[in-house]
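Peer 1: So here's target-v8.pdb, just PDB, N, CA and C atoms:
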```pdb
MODEL        1
ATOM      1  N   MET X   1      -9.662   9.823   8.997
ATOM      2  CA  MET X   1      -8.969   8.837   8.205
ATOM      3  C   MET X   1      -9.936   7.949   7.440
ATOM      4  N   SER X   2     -11.157   7.818   7.889
ATOM      5  CA  SER X   2     -12.112   6.947   7.205
ATOM      6  C   SER X   2     -12.348   7.381   5.766
ATOM      7  N   GLU X   3     -12.189   8.676   5.455
ATOM      8  CA  GLU X   3     -12.375   9.114   4.085
ATOM      9  C   GLU X   3     -11.224   8.645   3.190
ATOM     10  N   ASP X   4     -10.108   8.230   3.775
ATOM     11  CA  ASP X   4      -8.977   7.725   3.014
ATOM     12  C   ASP X   4      -9.034   6.219   2.794
ATOM     13  N   PHE X   5      -9.978   5.553   3.450
ATOM     14  CA  PHE X   5     -10.076   4.105   3.338
ATOM     15  C   PHE X   5     -10.411   3.727   1.900
ATOM     16  N   PRO X   6      -9.638   2.801   1.317
ATOM     17  CA  PRO X   6      -9.892   2.418  -0.086
ATOM     18  C   PRO X   6     -11.172   1.596  -0.225
ATOM     19  N   ASP X   7     -12.199   2.186  -0.803
ATOM     20  CA  ASP X   7     -13.483   1.516  -0.974
ATOM     21  C   ASP X   7     -13.479   0.558  -2.162
ATOM     22  N   GLU X   8     -12.707   0.886  -3.174
ATOM     23  CA  GLU X   8     -12.719   0.089  -4.392
ATOM     24  C   GLU X   8     -11.329  -0.458  -4.675
ATOM     25  N   LEU X   9     -11.319  -1.564  -5.382
ATOM     26  CA  LEU X   9     -10.050  -2.136  -5.808
ATOM     27  C   LEU X   9      -9.433  -1.268  -6.891
ATOM     28  N   PRO X  10      -8.113  -1.242  -6.944
ATOM     29  CA  PRO X  10      -7.477  -0.536  -8.063
ATOM     30  C   PRO X  10      -7.867  -1.192  -9.384
ATOM     31  N   GLU X  11      -7.906  -0.410 -10.416
ATOM     32  CA  GLU X  11      -8.283  -0.916 -11.732
ATOM     33  C   GLU X  11      -7.322  -2.017 -12.168
ATOM     34  N   GLY X  12      -7.876  -3.078 -12.721
ATOM     35  CA  GLY X  12      -7.069  -4.156 -13.254
ATOM     36  C   GLY X  12      -6.809  -5.305 -12.296
ATOM     37  N   ILE X  13      -7.285  -5.213 -11.055
ATOM     38  CA  ILE X  13      -7.091  -6.292 -10.082
ATOM     39  C   ILE X  13      -8.206  -7.316 -10.273
ATOM     40  N   PRO X  14      -7.852  -8.564 -10.575
ATOM     41  CA  PRO X  14      -8.882  -9.610 -10.710
ATOM     42  C   PRO X  14      -9.577  -9.853  -9.368
ATOM     43  N   GLU X  15     -10.829 -10.234  -9.431
ATOM     44  CA  GLU X  15     -11.630 -10.445  -8.223
ATOM     45  C   GLU X  15     -11.018 -11.495  -7.302
ATOM     46  N   GLU X  16     -10.338 -12.488  -7.861
ATOM     47  CA  GLU X  16      -9.756 -13.539  -7.019
ATOM     48  C   GLU X  16      -8.595 -13.023  -6.157
ATOM     49  N   HIS X  17      -8.101 -11.836  -6.476
ATOM     50  CA  HIS X  17      -7.018 -11.236  -5.686
ATOM     51  C   HIS X  17      -7.512 -10.056  -4.846
ATOM     52  N   ALA X  18      -8.814  -9.920  -4.735
ATOM     53  CA  ALA X  18      -9.403  -8.764  -4.052
ATOM     54  C   ALA X  18      -8.965  -8.679  -2.598
ATOM     55  N   GLU X  19      -9.000  -9.782  -1.873
ATOM     56  CA  GLU X  19      -8.652  -9.748  -0.452
ATOM     57  C   GLU X  19      -7.192  -9.339  -0.255
ATOM     58  N   GLN X  20      -6.314  -9.911  -1.052
ATOM     59  CA  GLN X  20      -4.894  -9.572  -0.941
ATOM     60  C   GLN X  20      -4.661  -8.107  -1.330
ATOM     61  N   ALA X  21      -5.369  -7.626  -2.341
ATOM     62  CA  ALA X  21      -5.220  -6.232  -2.772
ATOM     63  C   ALA X  21      -5.690  -5.273  -1.679
ATOM     64  N   ARG X  22      -6.796  -5.591  -1.035
ATOM     65  CA  ARG X  22      -7.290  -4.721   0.042
ATOM     66  C   ARG X  22      -6.311  -4.692   1.219
ATOM     67  N   GLU X  23      -5.724  -5.836   1.527
ATOM     68  CA  GLU X  23      -4.727  -5.893   2.601
ATOM     69  C   GLU X  23      -3.519  -5.021   2.253
ATOM     70  N   LEU X  24      -3.069  -5.099   1.010
ATOM     71  CA  LEU X  24      -1.954  -4.267   0.579
ATOM     72  C   LEU X  24      -2.314  -2.785   0.620
ATOM     73  N   GLN X  25      -3.548  -2.448   0.239
ATOM     74  CA  GLN X  25      -3.987  -1.056   0.298
ATOM     75  C   GLN X  25      -3.959  -0.534   1.739
ATOM     76  N   MET X  26      -4.396  -1.368   2.669
ATOM     77  CA  MET X  26      -4.381  -0.950   4.079
ATOM     78  C   MET X  26      -2.949  -0.796   4.577
ATOM     79  N   GLN X  27      -2.078  -1.711   4.188
ATOM     80  CA  GLN X  27      -0.676  -1.602   4.589
ATOM     81  C   GLN X  27      -0.061  -0.321   4.037
ATOM     82  N   LEU X  28      -0.418   0.018   2.804
ATOM     83  CA  LEU X  28       0.088   1.259   2.210
ATOM     84  C   LEU X  28      -0.408   2.492   2.964
ATOM     85  N   LEU X  29      -1.674   2.493   3.346
ATOM     86  CA  LEU X  29      -2.203   3.617   4.129
ATOM     87  C   LEU X  29      -1.435   3.791   5.433
ATOM     88  N   VAL X  30      -1.170   2.684   6.111
ATOM     89  CA  VAL X  30      -0.440   2.736   7.382
ATOM     90  C   VAL X  30       0.988   3.227   7.146
ATOM     91  N   LEU X  31       1.649   2.680   6.145
ATOM     92  CA  LEU X  31       3.025   3.092   5.864
ATOM     93  C   LEU X  31       3.110   4.574   5.488
ATOM     94  N   GLU X  32       2.149   5.051   4.715
ATOM     95  CA  GLU X  32       2.149   6.469   4.335
ATOM     96  C   GLU X  32       1.930   7.364   5.546
ATOM     97  N   ALA X  33       1.082   6.939   6.467
ATOM     98  CA  ALA X  33       0.877   7.707   7.702
ATOM     99  C   ALA X  33       2.147   7.696   8.551
ATOM    100  N   GLN X  34       2.814   6.557   8.609
ATOM    101  CA  GLN X  34       4.055   6.468   9.369
ATOM    102  C   GLN X  34       5.138   7.324   8.725
ATOM    103  N   LEU X  35       5.173   7.359   7.401
ATOM    104  CA  LEU X  35       6.138   8.202   6.696
ATOM    105  C   LEU X  35       5.922   9.670   7.044
ATOM    106  N   ASP X  36       4.657  10.082   7.103
ATOM    107  CA  ASP X  36       4.343  11.475   7.427
ATOM    108  C   ASP X  36       4.892  11.895   8.786
ATOM    109  N   SER X  37       4.962  10.949   9.721
ATOM    110  CA  SER X  37       5.414  11.295  11.058
ATOM    111  C   SER X  37       6.827  10.788  11.357
ATOM    112  N   ALA X  38       7.495  10.220  10.359
ATOM    113  CA  ALA X  38       8.827   9.649  10.571
ATOM    114  C   ALA X  38       9.885  10.737  10.693
ATOM    115  N   ASN X  39      10.918  10.412  11.453
ATOM    116  CA  ASN X  39      12.051  11.331  11.507
ATOM    117  C   ASN X  39      12.906  11.123  10.259
ATOM    118  N   PHE X  40      13.835  12.010  10.060
ATOM    119  CA  PHE X  40      14.634  12.020   8.839
ATOM    120  C   PHE X  40      15.340  10.689   8.605
ATOM    121  N   GLU X  41      15.866  10.086   9.646
ATOM    122  CA  GLU X  41      16.622   8.840   9.511
ATOM    123  C   GLU X  41      15.756   7.681   9.019
ATOM    124  N   ASN X  42      14.473   7.698   9.307
ATOM    125  CA  ASN X  42      13.588   6.583   8.954
ATOM    126  C   ASN X  42      12.796   6.797   7.668
ATOM    127  N   GLU X  43      12.807   7.995   7.136
ATOM    128  CA  GLU X  43      11.987   8.289   5.962
ATOM    129  C   GLU X  43      12.311   7.379   4.778
ATOM    130  N   GLU X  44      13.585   7.173   4.504
ATOM    131  CA  GLU X  44      13.962   6.359   3.347
ATOM    132  C   GLU X  44      13.514   4.913   3.511
ATOM    133  N   ALA X  45      13.577   4.377   4.712
ATOM    134  CA  ALA X  45      13.116   3.005   4.953
ATOM    135  C   ALA X  45      11.619   2.891   4.665
ATOM    136  N   TYR X  46      10.843   3.889   5.081
ATOM    137  CA  TYR X  46       9.402   3.865   4.799
ATOM    138  C   TYR X  46       9.143   3.991   3.301
ATOM    139  N   ARG X  47       9.913   4.838   2.625
ATOM    140  CA  ARG X  47       9.728   4.975   1.172
ATOM    141  C   ARG X  47      10.011   3.661   0.448
ATOM    142  N   ARG X  48      11.073   2.972   0.859
ATOM    143  CA  ARG X  48      11.392   1.685   0.242
ATOM    144  C   ARG X  48      10.276   0.676   0.478
ATOM    145  N   LYS X  49       9.755   0.638   1.698
ATOM    146  CA  LYS X  49       8.680  -0.303   2.025
ATOM    147  C   LYS X  49       7.409   0.029   1.227
ATOM    148  N   ILE X  50       7.103   1.315   1.083
ATOM    149  CA  ILE X  50       5.950   1.741   0.284
ATOM    150  C   ILE X  50       6.134   1.308  -1.167
ATOM    151  N   ASN X  51       7.323   1.514  -1.714
ATOM    152  CA  ASN X  51       7.584   1.092  -3.100
ATOM    153  C   ASN X  51       7.430  -0.414  -3.253
ATOM    154  N   GLU X  52       7.879  -1.162  -2.261
ATOM    155  CA  GLU X  52       7.752  -2.620  -2.286
ATOM    156  C   GLU X  52       6.278  -3.036  -2.311
ATOM    157  N   LYS X  53       5.472  -2.429  -1.445
ATOM    158  CA  LYS X  53       4.043  -2.781  -1.379
ATOM    159  C   LYS X  53       3.316  -2.357  -2.646
ATOM    160  N   GLU X  54       3.682  -1.196  -3.206
ATOM    161  CA  GLU X  54       3.075  -0.765  -4.466
ATOM    162  C   GLU X  54       3.419  -1.744  -5.583
ATOM    163  N   GLY X  55       4.651  -2.264  -5.569
ATOM    164  CA  GLY X  55       5.049  -3.268  -6.552
ATOM    165  C   GLY X  55       4.250  -4.553  -6.407
ATOM    166  N   GLU X  56       4.008  -4.964  -5.159
ATOM    167  CA  GLU X  56       3.200  -6.164  -4.920
ATOM    168  C   GLU X  56       1.781  -5.959  -5.435
ATOM    169  N   LEU X  57       1.232  -4.776  -5.204
ATOM    170  CA  LEU X  57      -0.116  -4.475  -5.666
ATOM    171  C   LEU X  57      -0.162  -4.475  -7.199
ATOM    172  N   ASP X  58       0.829  -3.872  -7.827
ATOM    173  CA  ASP X  58       0.891  -3.876  -9.303
ATOM    174  C   ASP X  58       1.038  -5.277  -9.847
ATOM    175  N   ALA X  59       1.778  -6.130  -9.150
ATOM    176  CA  ALA X  59       1.981  -7.502  -9.614
ATOM    177  C   ALA X  59       0.671  -8.287  -9.637
ATOM    178  N   LEU X  60      -0.266  -7.928  -8.779
ATOM    179  CA  LEU X  60      -1.566  -8.610  -8.771
ATOM    180  C   LEU X  60      -2.322  -8.350 -10.071
ATOM    181  N   LYS X  61      -2.052  -7.252 -10.714
ATOM    182  CA  LYS X  61      -2.718  -6.927 -11.985
ATOM    183  C   LYS X  61      -2.242  -7.842 -13.093
ATOM    184  N   ASP X  62      -1.022  -8.336 -12.971
ATOM    185  CA  ASP X  62      -0.425  -9.149 -14.031
ATOM    186  C   ASP X  62      -0.743 -10.624 -13.904
ATOM    187  N   ARG X  63      -1.400 -11.010 -12.827
ATOM    188  CA  ARG X  63      -1.673 -12.441 -12.621
ATOM    189  C   ARG X  63      -2.894 -12.878 -13.392
TER     190      ARG X  63
ENDMDL
END
```
For the structure just supplied, provide its representation as structure tokens.

Peer 2:
Amino acid sequence: MSEDFPDELPEGIPEEHAEQARELQMQLLVLEAQLDSANFENEEAYRRKINEKEGELDALKDR
């Protein structure tokens, strides 16, 4: 899993939001791993949460 660890910030993230962006990246990694092992009933909940976190990460680019 260490090869999946996000080493760099996504393009467009200001340096002042770096810590929050890295936290969101880690949350996304965890959610994606949980989605991979989720049963059918929980998959949609994980997808919604992933979309929410991706939206938060994208919003940091607009600040």

Peer 1: Rounded to one decimal place, report the atom C of Lys61 of chain X-atom CA of Gly12 of chain X distance in Å.

Peer 2: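 Straight-line distance from atom C of Lys61 of chain X to atom CA of Gly12 of chain X works out to 6.1 Å.
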
Peer 1: To test the calculation: enclose all listed atoms of segment 15-28 of chain X in a box whose edges run along x, y and z, add 4 Å on each side, then state centre and edge lengths in Å to one decimal, as lines of an AutoDock Vina configuration file.

Peer 2:
```
center_x = -5.8
center_y = -5.5
center_z = -2.4
size_x = 19.7
size_y = 24.0
size_z = 22.0
```

Peer 1: Using only C-alpha atoms, which residues sit within 12 Å of Glu43 of chain X once same-chain residues fewer than 6 positions away are excluded, as a list of chain:residue names?

Peer 2: X:Leu31, X:Glu32, X:Ala33, X:Gln34, X:Leu35, X:Asp36, X:Ser37, X:Lys49, X:Ile50

Peer 1: Rounded to one decimal place, report the atom C of Asp7 of chain X-atom CA of Arg22 of chain X distance in Å.

Peer 2: 8.4 Å

Peer 1: Distance atom C of Glu54 of chain X-atom C of Asn42 of chain X, one decimal place?

Peer 2: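 The value is 18.3 Å.
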
Peer 1: DSSP on the backbone: which residues in chain X end up as helix (DSSP H, G or I)? Give the answer as a VMD selection string.

Peer 2: chain X and resid 2 to 4 15 to 37 40 to 61

Peer 1: If the PyMOL selection byres (((chain X and resi 21 and name CA) around 12) and name CA) is run on the structure shown, which residues does it catch, given as JSON, numbers by chain?

Peer 2: {"X": [6, 7, 8, 9, 10, 11, 12, 13, 14, 15, 16, 17, 18, 19, 20, 22, 23, 24, 25, 26, 27, 28, 53, 54, 55, 56, 57, 58, 59, 60, 61]}
